[in-house]
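Reproduced below: target27.csv, with CSV, N, CA and C atoms and all ligand atoms.
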chain,number,residue,atom,x,y,z
R,1,MET,N,13.6,-12.9,-7.3
R,1,MET,CA,13.1,-11.6,-7.2
R,1,MET,C,14.3,-10.6,-7.6
R,2,HIS,N,14.0,-9.5,-8.3
R,2,HIS,CA,14.9,-8.5,-8.7
R,2,HIS,C,15.4,-7.8,-7.4
R,3,ILE,N,16.7,-7.6,-7.3
R,3,ILE,CA,17.3,-6.8,-6.2
R,3,ILE,C,17.5,-5.4,-6.7
R,4,PRO,N,16.9,-4.5,-6.0
R,4,PRO,CA,17.0,-3.1,-6.5
R,4,PRO,C,18.3,-2.4,-6.0
R,5,GLN,N,18.5,-1.2,-6.5
R,5,GLN,CA,19.6,-0.4,-6.1
R,5,GLN,C,19.2,0.3,-4.8
R,6,CYS,N,20.2,0.7,-4.0
R,6,CYS,CA,20.0,1.5,-2.8
R,6,CYS,C,19.5,2.9,-3.3
R,7,PRO,N,18.3,3.4,-2.8
R,7,PRO,CA,17.8,4.7,-3.2
R,7,PRO,C,18.7,5.8,-2.7
R,8,LYS,N,19.5,5.5,-1.7
R,8,LYS,CA,20.3,6.6,-1.0
R,8,LYS,C,21.6,6.8,-1.7
R,9,CYS,N,22.4,5.7,-1.9
R,9,CYS,CA,23.7,5.8,-2.5
R,9,CYS,C,23.9,5.2,-3.8
R,10,GLY,N,22.8,4.5,-4.3
R,10,GLY,CA,22.9,3.9,-5.6
R,10,GLY,C,23.7,2.5,-5.7
R,11,SER,N,24.1,2.1,-4.6
R,11,SER,CA,24.9,0.8,-4.5
R,11,SER,C,24.0,-0.4,-4.8
R,12,GLN,N,24.6,-1.4,-5.5
R,12,GLN,CA,23.8,-2.6,-5.7
R,12,GLN,C,24.2,-3.7,-4.7
R,13,LYS,N,25.0,-3.3,-3.7
R,13,LYS,CA,25.3,-4.2,-2.6
R,13,LYS,C,24.2,-4.2,-1.6
R,14,VAL,N,23.1,-4.8,-2.0
R,14,VAL,CA,21.9,-4.7,-1.2
R,14,VAL,C,21.5,-6.2,-0.9
R,15,ILE,N,21.1,-6.4,0.4
R,15,ILE,CA,20.6,-7.7,0.8
R,15,ILE,C,19.2,-7.6,1.3
R,16,LYS,N,18.5,-8.7,1.2
R,16,LYS,CA,17.1,-8.8,1.7
R,16,LYS,C,17.2,-8.7,3.2
R,17,SER,N,16.2,-8.0,3.8
R,17,SER,CA,16.2,-7.9,5.3
R,17,SER,C,14.8,-7.9,5.8
R,18,GLY,N,14.2,-9.0,5.6
R,18,GLY,CA,12.8,-9.2,6.2
R,18,GLY,C,11.7,-8.5,5.4
R,19,VAL,N,10.5,-8.7,5.8
R,19,VAL,CA,9.3,-8.2,5.1
R,19,VAL,C,8.6,-7.3,6.1
R,20,VAL,N,8.3,-6.1,5.7
R,20,VAL,CA,7.5,-5.2,6.6
R,20,VAL,C,6.3,-4.8,5.9
R,21,ASN,N,5.1,-4.9,6.5
R,21,ASN,CA,3.8,-4.6,6.0
R,21,ASN,C,3.7,-5.1,4.5
R,22,ASN,N,4.0,-6.4,4.4
R,22,ASN,CA,3.9,-7.1,3.1
R,22,ASN,C,4.8,-6.5,2.0
R,23,ARG,N,5.8,-5.7,2.4
R,23,ARG,CA,6.8,-5.2,1.5
R,23,ARG,C,8.1,-5.8,1.8
R,24,GLN,N,8.9,-6.1,0.8
R,24,GLN,CA,10.2,-6.7,1.0
R,24,GLN,C,11.1,-5.5,1.5
R,25,ARG,N,11.8,-5.8,2.6
R,25,ARG,CA,12.8,-4.8,3.1
R,25,ARG,C,14.2,-5.1,2.7
R,26,PHE,N,15.0,-4.1,2.3
R,26,PHE,CA,16.4,-4.4,1.9
R,26,PHE,C,17.3,-3.5,2.8
R,27,HIS,N,18.5,-4.0,2.9
R,27,HIS,CA,19.5,-3.3,3.6
R,27,HIS,C,20.7,-3.1,2.7
R,28,CYS,N,21.2,-1.8,2.6
R,28,CYS,CA,22.3,-1.5,1.8
R,28,CYS,C,23.6,-1.8,2.7
R,29,LYS,N,24.5,-2.6,2.1
R,29,LYS,CA,25.7,-2.9,2.9
R,29,LYS,C,26.7,-1.8,2.8
R,30,LYS,N,26.6,-0.9,1.9
R,30,LYS,CA,27.5,0.1,1.7
R,30,LYS,C,27.3,1.3,2.7
R,31,CYS,N,26.0,1.8,2.7
R,31,CYS,CA,25.7,2.9,3.6
R,31,CYS,C,24.8,2.6,4.7
R,32,SER,N,24.4,1.3,4.9
R,32,SER,CA,23.6,0.8,6.0
R,32,SER,C,22.2,1.3,5.9
R,33,TYR,N,21.7,1.8,4.8
R,33,TYR,CA,20.4,2.3,4.7
R,33,TYR,C,19.4,1.2,4.6
R,34,TYR,N,18.2,1.3,5.2
R,34,TYR,CA,17.2,0.3,5.1
R,34,TYR,C,16.1,0.9,4.2
R,35,PHE,N,15.5,0.1,3.3
R,35,PHE,CA,14.4,0.6,2.5
R,35,PHE,C,13.5,-0.6,2.1
R,36,THR,N,12.3,-0.2,1.7
R,36,THR,CA,11.4,-1.3,1.2
R,36,THR,C,10.9,-0.9,-0.2
R,37,VAL,N,10.5,-2.0,-0.9
R,37,VAL,CA,9.9,-1.7,-2.2
R,37,VAL,C,8.6,-2.5,-2.3
R,38,ASN,N,7.6,-1.9,-3.1
R,38,ASN,CA,6.4,-2.6,-3.3
R,38,ASN,C,6.6,-3.9,-4.1
R,39,LYS,N,5.8,-4.9,-3.7
R,39,LYS,CA,5.8,-6.0,-4.6
R,39,LYS,C,5.1,-5.7,-5.8
R,40,ILE,N,5.7,-5.7,-7.0
R,40,ILE,CA,5.2,-5.2,-8.2
R,40,ILE,C,3.9,-6.0,-8.6
R,41,GLY,N,4.0,-7.3,-8.4
R,41,GLY,CA,2.9,-8.2,-8.8
R,41,GLY,C,1.6,-7.8,-8.1
R,42,LYS,N,1.7,-7.4,-6.9
R,42,LYS,CA,0.5,-7.0,-6.1
R,42,LYS,C,-0.1,-5.8,-6.7
R,43,LYS,N,0.7,-4.8,-7.0
R,43,LYS,CA,0.3,-3.5,-7.6
R,43,LYS,C,-0.5,-3.7,-8.8
R,44,ILE,N,0.0,-4.6,-9.7
R,44,ILE,CA,-0.7,-4.8,-11.0
R,44,ILE,C,-2.1,-5.5,-10.7
R,45,ASP,N,-2.1,-6.5,-9.8
R,45,ASP,CA,-3.3,-7.1,-9.4
R,45,ASP,C,-4.4,-6.2,-9.0
R,46,ASP,N,-4.0,-5.2,-8.1
R,46,ASP,CA,-5.0,-4.3,-7.6
R,46,ASP,C,-5.5,-3.4,-8.7
R,47,TYR,N,-4.7,-3.1,-9.7
R,47,TYR,CA,-5.1,-2.2,-10.8
R,47,TYR,C,-6.2,-3.0,-11.6
R,48,TYR,N,-6.0,-4.2,-11.9
R,48,TYR,CA,-7.0,-5.0,-12.7
R,48,TYR,C,-8.2,-5.3,-11.9
R,49,VAL,N,-8.0,-5.5,-10.6
R,49,VAL,CA,-9.2,-5.8,-9.7
R,49,VAL,C,-10.2,-4.6,-9.8
R,50,ILE,N,-9.6,-3.4,-9.7
R,50,ILE,CA,-10.5,-2.2,-9.7
R,50,ILE,C,-11.1,-2.0,-11.1
R,51,LYS,N,-10.3,-2.2,-12.2
R,51,LYS,CA,-10.9,-2.1,-13.5
R,51,LYS,C,-12.0,-3.1,-13.7
R,52,ALA,N,-11.7,-4.3,-13.3
R,52,ALA,CA,-12.7,-5.4,-13.5
R,52,ALA,C,-14.0,-5.1,-12.8
R,53,LEU,N,-13.9,-4.6,-11.6
R,53,LEU,CA,-15.1,-4.3,-10.8
R,53,LEU,C,-15.8,-3.1,-11.4
R,54,GLN,N,-15.1,-2.1,-11.9
R,54,GLN,CA,-15.8,-1.0,-12.6
R,54,GLN,C,-16.6,-1.5,-13.7
R,55,LEU,N,-16.0,-2.3,-14.5
R,55,LEU,CA,-16.7,-2.9,-15.7
R,55,LEU,C,-17.9,-3.7,-15.3
R,56,TYR,N,-17.8,-4.5,-14.2
R,56,TYR,CA,-18.8,-5.3,-13.7
R,56,TYR,C,-20.0,-4.4,-13.3
R,57,LEU,N,-19.7,-3.3,-12.6
R,57,LEU,CA,-20.8,-2.4,-12.1
R,57,LEU,C,-21.5,-1.8,-13.3
R,58,GLU,N,-20.8,-1.6,-14.4
R,58,GLU,CA,-21.4,-1.0,-15.6
R,58,GLU,C,-22.2,-2.0,-16.4
R,59,GLY,N,-22.3,-3.2,-15.9
R,59,GLY,CA,-23.1,-4.2,-16.6
R,59,GLY,C,-22.4,-5.0,-17.7
R,60,VAL,N,-21.1,-4.9,-17.7
R,60,VAL,CA,-20.3,-5.7,-18.7
R,60,VAL,C,-20.2,-7.1,-18.1
R,61,SER,N,-20.5,-8.1,-19.0
R,61,SER,CA,-20.5,-9.5,-18.5
R,61,SER,C,-19.1,-10.0,-18.1
R,62,LEU,N,-19.1,-11.0,-17.3
R,62,LEU,CA,-17.8,-11.6,-16.9
R,62,LEU,C,-16.9,-12.1,-18.0
R,63,ARG,N,-17.6,-12.6,-19.0
R,63,ARG,CA,-16.8,-13.1,-20.2
R,63,ARG,C,-16.3,-12.0,-21.0
R,64,GLU,N,-17.0,-10.9,-21.1
R,64,GLU,CA,-16.5,-9.7,-21.8
R,64,GLU,C,-15.3,-9.1,-21.0
R,65,ILE,N,-15.4,-9.1,-19.7
R,65,ILE,CA,-14.3,-8.5,-18.9
R,65,ILE,C,-13.1,-9.4,-19.1
R,66,GLU,N,-13.3,-10.7,-19.2
R,66,GLU,CA,-12.2,-11.6,-19.4
R,66,GLU,C,-11.5,-11.2,-20.7
R,67,ARG,N,-12.3,-11.0,-21.8
R,67,ARG,CA,-11.8,-10.7,-23.1
R,67,ARG,C,-11.0,-9.3,-23.1
R,68,LEU,N,-11.6,-8.3,-22.4
R,68,LEU,CA,-11.1,-7.0,-22.4
R,68,LEU,C,-9.8,-6.9,-21.6
R,69,LEU,N,-9.8,-7.5,-20.4
R,69,LEU,CA,-8.7,-7.2,-19.5
R,69,LEU,C,-7.7,-8.4,-19.5
R,70,GLY,N,-8.1,-9.5,-20.0
R,70,GLY,CA,-7.2,-10.7,-20.0
R,70,GLY,C,-7.1,-11.3,-18.7
R,71,VAL,N,-8.1,-11.1,-17.8
R,71,VAL,CA,-8.1,-11.9,-16.5
R,71,VAL,C,-9.3,-12.8,-16.6
R,72,SER,N,-9.1,-14.0,-16.0
R,72,SER,CA,-10.2,-15.0,-16.2
R,72,SER,C,-11.5,-14.6,-15.5
R,73,HIS,N,-12.6,-15.0,-16.1
R,73,HIS,CA,-13.9,-14.7,-15.5
R,73,HIS,C,-14.0,-15.2,-14.1
R,74,VAL,N,-13.3,-16.3,-13.8
R,74,VAL,CA,-13.3,-16.9,-12.5
R,74,VAL,C,-12.7,-16.0,-11.5
R,75,SER,N,-11.6,-15.4,-11.9
R,75,SER,CA,-11.0,-14.4,-11.0
R,75,SER,C,-11.9,-13.2,-10.7
R,76,VAL,N,-12.5,-12.7,-11.8
R,76,VAL,CA,-13.5,-11.6,-11.7
R,76,VAL,C,-14.6,-11.9,-10.7
R,77,MET,N,-15.1,-13.2,-10.9
R,77,MET,CA,-16.2,-13.6,-10.0
R,77,MET,C,-15.8,-13.7,-8.6
R,78,ASN,N,-14.5,-14.1,-8.3
R,78,ASN,CA,-14.0,-14.2,-7.0
R,78,ASN,C,-13.8,-12.8,-6.4
R,79,TRP,N,-13.4,-11.8,-7.2
R,79,TRP,CA,-13.3,-10.5,-6.7
R,79,TRP,C,-14.7,-9.9,-6.3
R,80,VAL,N,-15.6,-10.1,-7.2
R,80,VAL,CA,-17.0,-9.7,-7.0
R,80,VAL,C,-17.5,-10.2,-5.6
R,81,ARG,N,-17.2,-11.5,-5.4
R,81,ARG,CA,-17.6,-12.1,-4.1
R,81,ARG,C,-16.8,-11.5,-2.9
R,82,LYS,N,-15.5,-11.4,-3.1
R,82,LYS,CA,-14.6,-10.9,-2.1
R,82,LYS,C,-15.0,-9.5,-1.6
R,83,TYR,N,-15.3,-8.6,-2.5
R,83,TYR,CA,-15.6,-7.3,-2.2
R,83,TYR,C,-17.1,-7.0,-2.0
R,84,ASN,N,-17.8,-8.1,-2.2
R,84,ASN,CA,-19.3,-8.0,-2.0
R,84,ASN,C,-19.9,-7.0,-2.9
R,85,ILE,N,-19.6,-7.0,-4.1
R,85,ILE,CA,-20.1,-6.0,-5.1
R,85,ILE,C,-21.4,-6.5,-5.6
R,86,LYS,N,-22.4,-5.6,-5.6
R,86,LYS,CA,-23.7,-5.9,-6.1
R,86,LYS,C,-24.1,-4.9,-7.2
R,87,ALA,N,-24.1,-5.4,-8.4
R,87,ALA,CA,-24.5,-4.6,-9.5
R,87,ALA,C,-26.1,-4.6,-9.6
R,88,PRO,N,-26.6,-3.4,-10.0
R,88,PRO,CA,-28.1,-3.4,-10.2
R,88,PRO,C,-28.5,-4.6,-11.1
R,89,GLU,N,-29.7,-5.1,-10.8
R,89,GLU,CA,-30.1,-6.3,-11.4
R,89,GLU,C,-30.5,-6.2,-12.9
R,90,ARG,N,-31.0,-5.0,-13.2
R,90,ARG,CA,-31.5,-4.9,-14.6
R,90,ARG,C,-31.0,-3.7,-15.2
R,91,TYR,N,-30.5,-3.8,-16.4
R,91,TYR,CA,-30.0,-2.7,-17.2
R,91,TYR,C,-30.8,-2.5,-18.4
R,92,ASP,N,-31.3,-1.3,-18.6
R,92,ASP,CA,-32.0,-0.9,-19.8
R,92,ASP,C,-31.1,-0.6,-20.9
R,93,TYR,N,-29.9,-0.4,-20.6
R,93,TYR,CA,-28.9,0.0,-21.6
R,93,TYR,C,-27.8,-1.1,-21.6
R,94,ARG,N,-27.2,-1.2,-22.7
R,94,ARG,CA,-26.1,-2.1,-22.8
R,94,ARG,C,-24.8,-1.3,-23.1
R,95,PRO,N,-23.8,-1.4,-22.3
R,95,PRO,CA,-22.6,-0.6,-22.5
R,95,PRO,C,-21.9,-1.1,-23.8
R,96,THR,N,-21.3,-0.2,-24.5
R,96,THR,CA,-20.4,-0.5,-25.5
R,96,THR,C,-19.0,0.0,-25.1
R,97,TYR,N,-18.0,-0.6,-25.6
R,97,TYR,CA,-16.7,-0.1,-25.2
R,97,TYR,C,-15.7,-0.1,-26.4
R,98,LYS,N,-14.8,0.8,-26.4
R,98,LYS,CA,-13.8,0.9,-27.4
R,98,LYS,C,-12.4,1.0,-26.7
R,99,ILE,N,-11.4,0.4,-27.3
R,99,ILE,CA,-10.1,0.6,-26.8
R,99,ILE,C,-9.4,1.5,-27.9
R,100,LEU,N,-9.0,2.7,-27.4
R,100,LEU,CA,-8.5,3.7,-28.3
R,100,LEU,C,-7.1,4.2,-27.8
R,101,ASN,N,-6.3,4.6,-28.8
R,101,ASN,CA,-5.0,5.2,-28.4
R,101,ASN,C,-5.3,6.7,-28.2
R,102,HIS,N,-4.4,7.5,-27.8
R,102,HIS,CA,-4.6,8.9,-27.3
R,102,HIS,C,-5.2,9.7,-28.5
R,103,GLN,N,-4.7,9.5,-29.7
R,103,GLN,CA,-5.2,10.3,-30.8
R,103,GLN,C,-6.6,9.9,-31.2
R,104,GLU,N,-6.9,8.6,-31.2
R,104,GLU,CA,-8.2,8.2,-31.5
R,104,GLU,C,-9.2,8.7,-30.4
R,105,LEU,N,-8.8,8.7,-29.2
R,105,LEU,CA,-9.6,9.2,-28.1
R,105,LEU,C,-10.0,10.7,-28.3
R,106,GLN,N,-9.0,11.5,-28.7
R,106,GLN,CA,-9.2,12.9,-29.0
R,106,GLN,C,-10.2,13.0,-30.1
R,107,ASP,N,-10.0,12.3,-31.2
R,107,ASP,CA,-10.9,12.4,-32.4
R,107,ASP,C,-12.3,12.0,-32.0
R,108,PHE,N,-12.4,11.0,-31.1
R,108,PHE,CA,-13.8,10.6,-30.7
R,108,PHE,C,-14.5,11.7,-29.9
R,109,ILE,N,-13.8,12.2,-29.0
R,109,ILE,CA,-14.4,13.2,-28.1
R,109,ILE,C,-14.6,14.6,-28.8
R,110,SER,N,-13.8,14.9,-29.8
R,110,SER,CA,-13.9,16.1,-30.5
R,110,SER,C,-15.2,16.2,-31.3
R,111,ASN,N,-15.8,15.1,-31.6
R,111,ASN,CA,-17.1,15.0,-32.3
R,111,ASN,C,-18.3,15.1,-31.3
R,112,PRO,N,-19.0,16.2,-31.3
R,112,PRO,CA,-20.1,16.4,-30.3
R,112,PRO,C,-21.2,15.3,-30.5
R,113,ALA,N,-21.3,14.8,-31.7
R,113,ALA,CA,-22.3,13.7,-31.8
R,113,ALA,C,-22.0,12.5,-31.0
R,114,ASN,N,-20.8,12.3,-30.7
R,114,ASN,CA,-20.4,11.1,-29.9
R,114,ASN,C,-20.6,11.3,-28.4
R,115,MET,N,-20.9,12.6,-28.0
R,115,MET,CA,-20.9,12.9,-26.6
R,115,MET,C,-22.4,13.0,-26.1
R,116,GLY,N,-23.3,13.1,-27.0
R,116,GLY,CA,-24.7,13.5,-26.5
R,116,GLY,C,-25.5,12.3,-26.0
R,117,GLY,N,-26.3,12.5,-25.0
R,117,GLY,CA,-27.3,11.5,-24.6
R,117,GLY,C,-26.8,10.2,-24.0
R,118,SER,N,-25.6,10.3,-23.5
R,118,SER,CA,-25.0,9.1,-23.0
R,118,SER,C,-24.1,9.3,-21.8
R,119,GLY,N,-23.9,8.3,-21.1
R,119,GLY,CA,-22.8,8.4,-20.0
R,119,GLY,C,-21.6,7.7,-20.6
R,120,MET,N,-20.5,8.1,-20.1
R,120,MET,CA,-19.3,7.4,-20.5
R,120,MET,C,-18.2,7.5,-19.4
R,121,LEU,N,-17.3,6.6,-19.5
R,121,LEU,CA,-16.2,6.4,-18.6
R,121,LEU,C,-15.0,6.1,-19.4
R,122,ILE,N,-13.9,6.9,-19.1
R,122,ILE,CA,-12.7,6.7,-19.8
R,122,ILE,C,-11.6,6.3,-18.7
R,123,THR,N,-11.0,5.2,-19.0
R,123,THR,CA,-10.0,4.7,-18.0
R,123,THR,C,-8.8,4.2,-18.7
R,124,GLU,N,-7.6,4.5,-18.1
R,124,GLU,CA,-6.4,4.1,-18.7
R,124,GLU,C,-6.3,2.6,-18.7
R,125,LEU,N,-5.8,2.0,-19.8
R,125,LEU,CA,-5.6,0.6,-19.9
R,125,LEU,C,-4.3,0.3,-20.6
R,126,GLY,N,-3.3,0.0,-19.8
R,126,GLY,CA,-2.0,-0.2,-20.4
R,126,GLY,C,-1.5,1.1,-21.0
R,127,ASP,N,-1.1,1.0,-22.3
R,127,ASP,CA,-0.7,2.2,-23.0
R,127,ASP,C,-1.8,2.8,-23.9
R,128,LYS,N,-3.1,2.3,-23.7
R,128,LYS,CA,-4.2,2.8,-24.4
R,128,LYS,C,-5.3,3.3,-23.4
R,129,PHE,N,-6.4,3.6,-23.9
R,129,PHE,CA,-7.5,4.1,-23.1
R,129,PHE,C,-8.8,3.2,-23.4
R,130,MET,N,-9.5,2.9,-22.4
R,130,MET,CA,-10.8,2.3,-22.7
R,130,MET,C,-11.9,3.2,-22.4
R,131,LEU,N,-12.8,3.3,-23.4
R,131,LEU,CA,-13.9,4.2,-23.3
R,131,LEU,C,-15.2,3.3,-23.3
R,132,ILE,N,-15.9,3.4,-22.2
R,132,ILE,CA,-17.1,2.7,-22.0
R,132,ILE,C,-18.3,3.7,-22.2
R,133,LYS,N,-19.2,3.4,-23.0
R,133,LYS,CA,-20.3,4.3,-23.3
R,133,LYS,C,-21.6,3.6,-23.2
R,134,TRP,N,-22.6,4.3,-22.6
R,134,TRP,CA,-23.9,3.7,-22.5
R,134,TRP,C,-25.0,4.7,-22.7
R,135,GLU,N,-26.1,4.3,-23.2
R,135,GLU,CA,-27.1,5.3,-23.6
R,135,GLU,C,-28.0,5.6,-22.4
R,136,ARG,N,-27.4,6.0,-21.3
R,136,ARG,CA,-28.1,6.1,-20.0
R,136,ARG,C,-29.1,7.2,-20.0
R,137,PHE,N,-28.9,8.3,-20.7
R,137,PHE,CA,-29.8,9.4,-20.5
R,137,PHE,C,-30.9,9.5,-21.6
R,138,LYS,N,-31.0,8.5,-22.4
R,138,LYS,CA,-32.0,8.5,-23.5
R,138,LYS,C,-33.3,7.7,-22.9
R,139,ASP,N,-34.4,8.2,-23.3
R,139,ASP,CA,-35.7,7.5,-22.9
R,139,ASP,C,-35.9,6.2,-23.6
E,1,ZN,ZN,23.3,2.7,0.2

Take the structure in the file and give it back as structure tokens.
Ligand SMILES: [Zn+2]
Amino acid sequence: MHIPQCPKCGSQKVIKSGVVNNRQRFHCKKCSYYFTVNKIGKKIDDYYVIKALQLYLEGVSLREIERLLGVSHVSVMNWVRKYNIKAPERYDYRPTYKILNHQELQDFISNPANMGGSGMLITELGDKFMLIKWERFKD
């Protein structure tokens, strides 16, 4: 694991000093300051769990979520079970999604024809944006 700098004095003479609330605690040998850092892996996991469950609720299939987010459909299924997520059983609409950079997103939204008669969800995805769109408000 990467040993961070002391946030107080900037020293790298830092040693591990136990785990508090699932966060690694460190002790600075120079100024005696104690601090904790988030476990980075856990943070990324949570990010993708939420994204995956959002997509699942929008009717995107597990295989499609796997392709979009790069997490296995088995993981997504486990999260659905773990959090007891129940998606509506029947969708009259099928979501479509695009991965856009910031400029492409602006171009898309600036065209009123793209915005009518539908629901949409824009979510950050790495350095791009994912736009999920479905024809929810059409008869
Ligand atoms: Zn220090």

Would you name the residues within 5 Å of ligand ZN 1 (chain E), counting all atoms listed in the file, and put them as a list in words?
->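 Using all atoms listed in the file, everything at most 5 Å from ligand ZN 1 (chain E) comes to Cys6, Lys8, Cys9, Gly10, Ser11, Cys28, Lys30, Cys31 and Tyr33 of chain R.
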
Of the candidates R:Tyr93, R:Gly116, R:Asp107, R:Lys29, which shows the shortest atom-to-atom distance to Gly59 of chain R, using only C-alpha atoms?
-> R:Tyr93

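Atom N of Tyr47 of chain R is found 21.8 Å from atom C of Phe35 of chain R.
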
Which polymer residues have any atom within 8 Å of an atom of Ile122 of chain R, counting only C-alpha atoms, with same-chain residues fewer than 2 positions away left out, as JSON, numbers by chain?
-> {"R": [120, 124, 129, 130, 131, 132]}

Picked from segment 7-129 of chain R by DSSP as helix (DSSP H, G or I), as a PyMOL selection string = chain R and resi 40-57+62-69+73-82+102-110+112-114

Enumerate, as an mmCIF file with N, CA and C atoms, in the coordinates of the input, the complete set of residues in segment 70-124 of chain R that a backbone-based DSSP assignment places in strand (DSSP E or B).
data_model
loop_
_atom_site.group_PDB
_atom_site.id
_atom_site.type_symbol
_atom_site.label_atom_id
_atom_site.label_comp_id
_atom_site.auth_asym_id
_atom_site.auth_seq_id
_atom_site.Cartn_x
_atom_site.Cartn_y
_atom_site.Cartn_z
ATOM 1 N N THR R 96 -21.300 -0.200 -24.500
ATOM 2 C CA THR R 96 -20.400 -0.500 -25.500
ATOM 3 C C THR R 96 -19.000 0.000 -25.100
ATOM 4 N N TYR R 97 -18.000 -0.600 -25.600
ATOM 5 C CA TYR R 97 -16.700 -0.100 -25.200
ATOM 6 C C TYR R 97 -15.700 -0.100 -26.400
ATOM 7 N N LYS R 98 -14.800 0.800 -26.400
ATOM 8 C CA LYS R 98 -13.800 0.900 -27.400
ATOM 9 C C LYS R 98 -12.400 1.000 -26.700
ATOM 10 N N ILE R 99 -11.400 0.400 -27.300
ATOM 11 C CA ILE R 99 -10.100 0.600 -26.800
ATOM 12 C C ILE R 99 -9.400 1.500 -27.900
ATOM 13 N N LEU R 100 -9.000 2.700 -27.400
ATOM 14 C CA LEU R 100 -8.500 3.700 -28.300
ATOM 15 C C LEU R 100 -7.100 4.200 -27.800
ATOM 16 N N GLY R 119 -23.900 8.300 -21.100
ATOM 17 C CA GLY R 119 -22.800 8.400 -20.000
ATOM 18 C C GLY R 119 -21.600 7.700 -20.600
ATOM 19 N N MET R 120 -20.500 8.100 -20.100
ATOM 20 C CA MET R 120 -19.300 7.400 -20.500
ATOM 21 C C MET R 120 -18.200 7.500 -19.400
ATOM 22 N N LEU R 121 -17.300 6.600 -19.500
ATOM 23 C CA LEU R 121 -16.200 6.400 -18.600
ATOM 24 C C LEU R 121 -15.000 6.100 -19.400
ATOM 25 N N ILE R 122 -13.900 6.900 -19.100
ATOM 26 C CA ILE R 122 -12.700 6.700 -19.800
ATOM 27 C C ILE R 122 -11.600 6.300 -18.700
ATOM 28 N N THR R 123 -11.000 5.200 -19.000
ATOM 29 C CA THR R 123 -10.000 4.700 -18.000
ATOM 30 C C THR R 123 -8.800 4.200 -18.700
ATOM 31 N N GLU R 124 -7.600 4.500 -18.100
ATOM 32 C CA GLU R 124 -6.400 4.100 -18.700
ATOM 33 C C GLU R 124 -6.300 2.600 -18.700
#

Between R:Leu57, R:Ile15, R:Ile85, R:Ile50, which has the minimum distance to Leu125 of chain R (counting only C-alpha atoms)?
->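 Using only C-alpha atoms, Leu125 of chain R sits closest to R:Ile50.
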
Which residue out of R:Lys128, R:Lys16, R:Lys86, R:His73 has the minimum interatomic distance to His102 of chain R when only C-alpha atoms are used?
->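 That would be R:Lys128, the residue with the smallest distance to His102 of chain R.
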
Measuring atom to atom with only N, CA and C atoms, identify which of R:Tyr83, R:Thr96, R:Glu58, R:Gln24 is nearest to Val37 of chain R.
->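 So, comparing all the options, the nearest one is R:Gln24.
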
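The protein and nucleic acid residues lying at most 10 Å from Leu55 of chain R are Ile50, Val60, Ser61, Leu62, Glu64, Ile65, Leu68, Leu69, Pro95, Tyr97, Leu121 and Ile132 of chain R, with only C-alpha atoms considered and sequence neighbours fewer than 5 positions away removed.
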
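The two atoms in question, atom CA of Val19 of chain R and atom C of Asp46 of chain R, are spaced 20.8 Å apart.
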
Gap from atom CA of Lys51 of chain R to atom CA of Glu135 of chain R - Å, one decimal |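 Straight-line distance from atom CA of Lys51 of chain R to atom CA of Glu135 of chain R works out to 20.5 Å.
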
If you count all atoms listed in the file, the residue of R:Val76, R:Val14, R:Val71, R:Val20 closest to Thr36 of chain R turns out to be R:Val20

Check the smallest atom-to-atom distance from each of R:Gly126, R:Gln12, R:Arg25, R:Trp134 to Tyr48 of chain R using only C-alpha atoms, then report the winner.
->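 Going through R:Gly126, R:Gln12, R:Arg25, R:Trp134 one by one, the smallest distance to Tyr48 of chain R is for R:Gly126.
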